[in-house]
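Written below as C-alpha cells is the structure these notes are about.
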Amino acid sequence: MTDERVPASGTVHWVGAGLSTGSGLAMLCDTAERVRLWHRTEDRAAEALARLGLTGRAEPRAYTLPALTAELAPGDTVVSMLPAPEHAGLLGACVARGAHFACSSYVSEAVLEQVSAAARAGLVVLTEAGLDPGIDHLFAHSLVARARAAIGDTTPASYRLTSYCGGVPAVPNDFRYRFSWAPAGVLGALRSPARYIEDGVETVAERPWEVTRPHVVGGETFEVYPNRDSVPFIAQYELPPAWTPRTFVRGTLRLEGWLKAWAEVFEELERGDDDRIGALARELAQRYPTTDADRDRVVLAVSLQVRGAEGLTWSGGYLLDRVGDEEESAMARCVSRPLAVGVRHILDGSLPPGLSRAAGTAARSEEWLDELEREGVPFTRP
C-alpha cells in the first residue's frame, strides 16, 4: 500500500437518484466544492435535484459509465447509489482515473478484487456506509468496545449479539410491508441462505423466512429472520477470541403478522424459477406501489449481552426508530446521511487508502455516531 493518499479534489459525483437518495446529497452540497448528480437522463437528474431542493447546487448529468469516466479527474469521489452488481465497473473507472469510491452496499467479490489496486494507487474504497450495512456496524463496534472494557478481553465469557433492521410502513397495512427498495432485490435476499449462530451452533437456513421468530423492541413485538452470512462479522466487530458466541445473528425486521401476510409470496419463492420470480417482483411493485402519501418507518435494534466468569455480566443496546415525513423517507435519510458523513471523511483526508467498511474501529464509530446525531439521525444510546 502506498503512503501517498491521493488528495481529494473536492468534486463529488453522486451516481443514481433512486429511493435511497435523500438529504445526504444536500449535506455534500454544503461540503464539497462541486457536486454532480448522475441519473438516467439529464432531465431526470434535474427533476431529482428539484425534488430535493437542490436546483442550482448540483449539476445534473445523464449517466453512462463512459460519460462519467470521461469527467473523472484525480482526487474526485464517486458515490454509487446504483445496484450492487454495478459497483465493480464504477470502481474500475475510479482506479483507472485516480478517483475515490464510496457506496452503502456490502462488499462484493468483484469489488474486493480491485481493492489492492486502489490501495496501491492511494485511493479510498468506502463501503457498507449506509443504514444496514452502516449504522448497524457503528452500533456494534460501540457495544463490543464497552463490553470489552467491562468484562476484559481474556476473561472467558459467552455472549449474545443480535442486529435487526427493517424498513416498514409507518401505518401497518394488510401486506405488512412497504417497498423501500426494488422488489426484485427483496425477493432475491429472501432466496439467499442465511448463516448465523444459534445456541452456540453454526446454523444455515436455506429459506430464511422459515426461521422467522418474534422479537420485542421497546415493548413492541416484531418478526425477525437471519439475513446473509453473519459469521464473518464476529471478527469484523473484534469480539475477543476468549468469548464464546451463544447467539450471533444479523437479520431483517418486519412488522408482526408479516409471515402470514406473505404466505403466497413464499409459496412462489419455493417453486418458482428465476423468470417467475422476476415476474412476481414486477407484480408486487404494481400491487403495492409506494406513493408520496405513504410514510415509512425504519427500525434498527442492535443489542449485546455478555456473561463472564463468577457472574460478571454486561448488556447494552442501541435503537434507531425513525418515521419519514413529507420531505423525505426515513430510509432515504438513514441511508444517505451516514454515507454523506463517510464521504466527508474522504474529502477531509481522514480515511486511509484501501478498504473501509463504515468506521472500522470503536473510536471512529463513536465519532461517526456523534456526527449522525448532529446531522438529524437520532437514536437511543445504551
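So you can find residues: chains in the C-alpha cells are A, B, ... in the order shown, residues in each start at 1, and ligands are numbered from 1 in order.
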
Report as a tab-separated table the residues of region 96-138 of chain A within 12 Å of region 252-255 of chain A, each with its shortest atom pair and distance in Å (one decimal), using only C-alpha atoms, ordered by chain and increasing residue number.
```
residue	atom	partner	partner_atom	distance
A:Asp132	CA	A:Thr252	CA	9.5
A:Pro133	CA	A:Thr252	CA	11.4
A:Asp136	CA	A:Thr252	CA	11.8
```

Taking the backbone alone, and naming residues the way the document does, which bits of region 57-95 of chain A are alpha helix (DSSP H) by DSSP, as a ChimeraX atom specification?
-> /A:65-71,87-95

Just to be explicit: take each residue in the selection above, keep C-alpha atoms, and write the result as a short mmCIF file (atom, residue, chain, number, x, y, z; two decimals), in the first residue's frame.
```cif
data_model
loop_
_atom_site.label_atom_id
_atom_site.label_comp_id
_atom_site.auth_asym_id
_atom_site.auth_seq_id
_atom_site.Cartn_x
_atom_site.Cartn_y
_atom_site.Cartn_z
CA LEU A 65 -20.19 4.67 -17.45
CA PRO A 66 -18.16 6.12 -20.35
CA ALA A 67 -19.69 9.57 -19.81
CA LEU A 68 -18.86 9.50 -16.11
CA THR A 69 -15.36 8.18 -16.74
CA ALA A 70 -14.69 10.99 -19.18
CA GLU A 71 -15.43 13.58 -16.48
CA HIS A 87 -20.24 -1.14 -8.24
CA ALA A 88 -17.28 -3.06 -9.65
CA GLY A 89 -17.47 -1.27 -13.00
CA LEU A 90 -17.59 2.10 -11.27
CA LEU A 91 -14.69 1.20 -9.01
CA GLY A 92 -12.68 0.09 -12.05
CA ALA A 93 -13.22 3.51 -13.60
CA CYS A 94 -12.15 5.15 -10.34
CA VAL A 95 -8.91 3.16 -10.17
#
```

Quick one: pull the distance between CA of Gly166 (chain A) and CA of Gly251 (chain A), Å, one decimal.
-> 8.7 Å

Do you know which residues are at most 12 Å from His215 (chain A) counting only C-alpha atoms, after dropping those on the same chain fewer than 3 positions away, and could you put them as a ChimeraX atom specification?
-> /A:162-165,212,218-225,251-256,301-303

Test item: residues at most 8 Å from Trp262 (chain A), only C-alpha atoms, excluding those fewer than 4 positions along its chain, as number ranges by chain | A: 175, 258, 266

From a DSSP calculation on the backbone, collect every residue of region 110-263 of chain A in strand (DSSP E or B) and output the set as a PyMOL selection string.
-> chain A and resi 124-127+130-131+134+157-169+194-198+201-205+213-217+220-226+229+243-255

Within 9 Å of region 121-131 of chain A, counting only C-alpha atoms, which residues qualify if same-chain residues fewer than 3 places away don't, as a compact mmCIF listing (two decimals) with N, CA and C atoms, in the first residue's frame?
```
# COMPACT_ATOMS: atom_id res chain seq x y z
N MET A 1 0.85 -1.20 0.00
CA MET A 1 0.00 0.00 0.00
C MET A 1 0.88 1.25 0.00
N THR A 2 0.50 2.20 -0.78
CA THR A 2 1.25 3.44 -0.80
C THR A 2 0.92 4.29 0.43
N ASP A 3 1.94 5.08 0.86
CA ASP A 3 1.69 6.03 1.94
C ASP A 3 1.10 7.33 1.39
N GLU A 4 1.10 7.44 0.06
CA GLU A 4 0.65 8.67 -0.56
C GLU A 4 -0.83 8.56 -0.93
N ARG A 5 -1.65 9.15 -0.11
CA ARG A 5 -3.09 9.15 -0.40
C ARG A 5 -3.36 10.26 -1.41
N VAL A 6 -4.13 9.94 -2.43
CA VAL A 6 -4.49 10.96 -3.42
C VAL A 6 -5.36 12.01 -2.74
N PRO A 7 -4.94 13.27 -2.74
CA PRO A 7 -5.76 14.30 -2.09
C PRO A 7 -7.11 14.43 -2.78
N GLY A 75 -8.51 12.49 -7.70
CA GLY A 75 -8.98 13.02 -6.43
C GLY A 75 -10.48 13.22 -6.34
N THR A 77 -14.41 12.06 -6.07
CA THR A 77 -15.05 10.98 -5.31
C THR A 77 -16.33 10.57 -6.01
N LEU A 91 -15.97 1.20 -9.72
CA LEU A 91 -14.69 1.20 -9.01
C LEU A 91 -13.54 1.06 -10.00
N CYS A 94 -12.81 4.32 -11.34
CA CYS A 94 -12.15 5.15 -10.34
C CYS A 94 -10.66 4.83 -10.26
N VAL A 95 -10.32 3.55 -10.25
CA VAL A 95 -8.91 3.16 -10.17
C VAL A 95 -8.17 3.66 -11.40
N GLY A 98 -7.91 7.54 -10.99
CA GLY A 98 -7.38 8.10 -9.75
C GLY A 98 -8.42 8.75 -8.86
N ALA A 99 -9.64 8.17 -8.84
CA ALA A 99 -10.73 8.74 -8.04
C ALA A 99 -11.08 7.82 -6.87
N HIS A 100 -11.55 8.41 -5.80
CA HIS A 100 -12.02 7.65 -4.63
C HIS A 100 -13.43 7.12 -4.91
N PHE A 101 -13.84 6.11 -4.12
CA PHE A 101 -15.12 5.43 -4.35
C PHE A 101 -15.84 5.23 -3.03
N ALA A 102 -17.18 5.39 -3.05
CA ALA A 102 -17.98 5.17 -1.84
C ALA A 102 -19.33 4.58 -2.23
N CYS A 103 -19.86 3.71 -1.38
CA CYS A 103 -21.20 3.16 -1.57
C CYS A 103 -21.75 2.71 -0.23
N SER A 104 -23.03 2.40 -0.19
CA SER A 104 -23.66 1.94 1.05
C SER A 104 -23.84 0.44 1.08
N SER A 105 -23.40 -0.26 0.04
CA SER A 105 -23.67 -1.69 -0.10
C SER A 105 -22.59 -2.57 0.52
N TYR A 106 -22.92 -3.86 0.69
CA TYR A 106 -21.93 -4.84 1.11
C TYR A 106 -20.82 -4.95 0.05
N VAL A 107 -19.66 -5.37 0.50
CA VAL A 107 -18.53 -5.57 -0.40
C VAL A 107 -18.73 -6.85 -1.21
N VAL A 115 -9.56 -3.88 -4.67
CA VAL A 115 -9.17 -3.07 -3.52
C VAL A 115 -7.66 -2.89 -3.45
N SER A 116 -6.90 -3.96 -3.73
CA SER A 116 -5.44 -3.85 -3.65
C SER A 116 -4.91 -2.81 -4.63
N ALA A 117 -5.44 -2.83 -5.84
CA ALA A 117 -5.00 -1.85 -6.83
C ALA A 117 -5.38 -0.44 -6.40
N ALA A 118 -6.56 -0.29 -5.82
CA ALA A 118 -6.97 1.03 -5.33
C ALA A 118 -6.06 1.50 -4.21
N GLY A 134 -24.01 -0.34 7.75
CA GLY A 134 -23.53 1.02 8.00
C GLY A 134 -23.70 1.39 9.46
N ILE A 135 -24.85 2.00 9.78
CA ILE A 135 -25.09 2.41 11.17
C ILE A 135 -25.07 1.20 12.10
N ASP A 136 -25.55 0.05 11.60
CA ASP A 136 -25.51 -1.16 12.42
C ASP A 136 -24.08 -1.51 12.82
N HIS A 137 -23.11 -1.31 11.90
CA HIS A 137 -21.70 -1.55 12.25
C HIS A 137 -21.24 -0.60 13.35
N CYS A 165 -32.65 -5.04 11.42
CA CYS A 165 -33.02 -3.78 10.80
C CYS A 165 -34.11 -4.02 9.77
N LEU A 300 -33.90 -0.02 13.63
CA LEU A 300 -32.63 -0.74 13.74
C LEU A 300 -32.34 -0.96 15.21
N MET A 331 -36.03 5.91 5.16
CA MET A 331 -34.98 5.09 4.56
C MET A 331 -33.96 5.96 3.83
N CYS A 334 -31.81 7.75 6.41
CA CYS A 334 -30.92 6.89 7.20
C CYS A 334 -29.86 6.18 6.35
N VAL A 335 -30.05 6.13 5.04
CA VAL A 335 -29.02 5.59 4.15
C VAL A 335 -28.10 6.70 3.67
N SER A 336 -28.69 7.82 3.21
CA SER A 336 -27.87 8.84 2.55
C SER A 336 -27.05 9.68 3.53
N ARG A 337 -27.57 9.91 4.73
CA ARG A 337 -26.82 10.78 5.65
C ARG A 337 -25.55 10.12 6.20
N PRO A 338 -25.58 8.87 6.66
CA PRO A 338 -24.30 8.27 7.06
C PRO A 338 -23.33 8.14 5.90
N LEU A 339 -23.85 7.87 4.70
CA LEU A 339 -22.97 7.80 3.54
C LEU A 339 -22.31 9.16 3.30
N ALA A 340 -23.07 10.22 3.44
CA ALA A 340 -22.50 11.56 3.27
C ALA A 340 -21.45 11.86 4.33
N VAL A 341 -21.68 11.41 5.56
CA VAL A 341 -20.67 11.58 6.61
C VAL A 341 -19.37 10.89 6.20
N GLY A 342 -19.50 9.66 5.67
CA GLY A 342 -18.32 8.94 5.21
C GLY A 342 -17.61 9.65 4.08
N VAL A 343 -18.36 10.19 3.14
CA VAL A 343 -17.75 10.91 2.02
C VAL A 343 -17.04 12.16 2.53
N ILE A 346 -13.70 11.26 3.42
CA ILE A 346 -12.81 11.17 2.26
C ILE A 346 -12.32 12.57 1.89
N LEU A 351 -9.81 9.36 6.07
CA LEU A 351 -9.89 7.94 5.77
C LEU A 351 -8.64 7.51 5.02
N PRO A 352 -8.06 6.36 5.38
CA PRO A 352 -6.82 5.91 4.74
C PRO A 352 -7.09 5.28 3.37
N PRO A 353 -6.07 5.14 2.54
CA PRO A 353 -6.24 4.40 1.29
C PRO A 353 -6.66 2.96 1.57
N GLY A 354 -7.34 2.35 0.61
CA GLY A 354 -7.78 0.97 0.76
C GLY A 354 -9.22 0.88 1.22
N LEU A 355 -9.59 -0.30 1.72
CA LEU A 355 -10.99 -0.60 2.05
C LEU A 355 -11.36 -0.14 3.45
N SER A 356 -12.48 0.57 3.56
CA SER A 356 -13.08 0.91 4.85
C SER A 356 -14.53 0.45 4.80
N ARG A 357 -14.96 -0.27 5.84
CA ARG A 357 -16.36 -0.65 5.98
C ARG A 357 -16.96 0.26 7.06
N ALA A 358 -17.64 1.32 6.63
CA ALA A 358 -18.09 2.35 7.57
C ALA A 358 -16.89 2.71 8.46
N ALA A 359 -17.10 2.81 9.76
CA ALA A 359 -16.00 3.08 10.68
C ALA A 359 -15.53 1.75 11.26
```
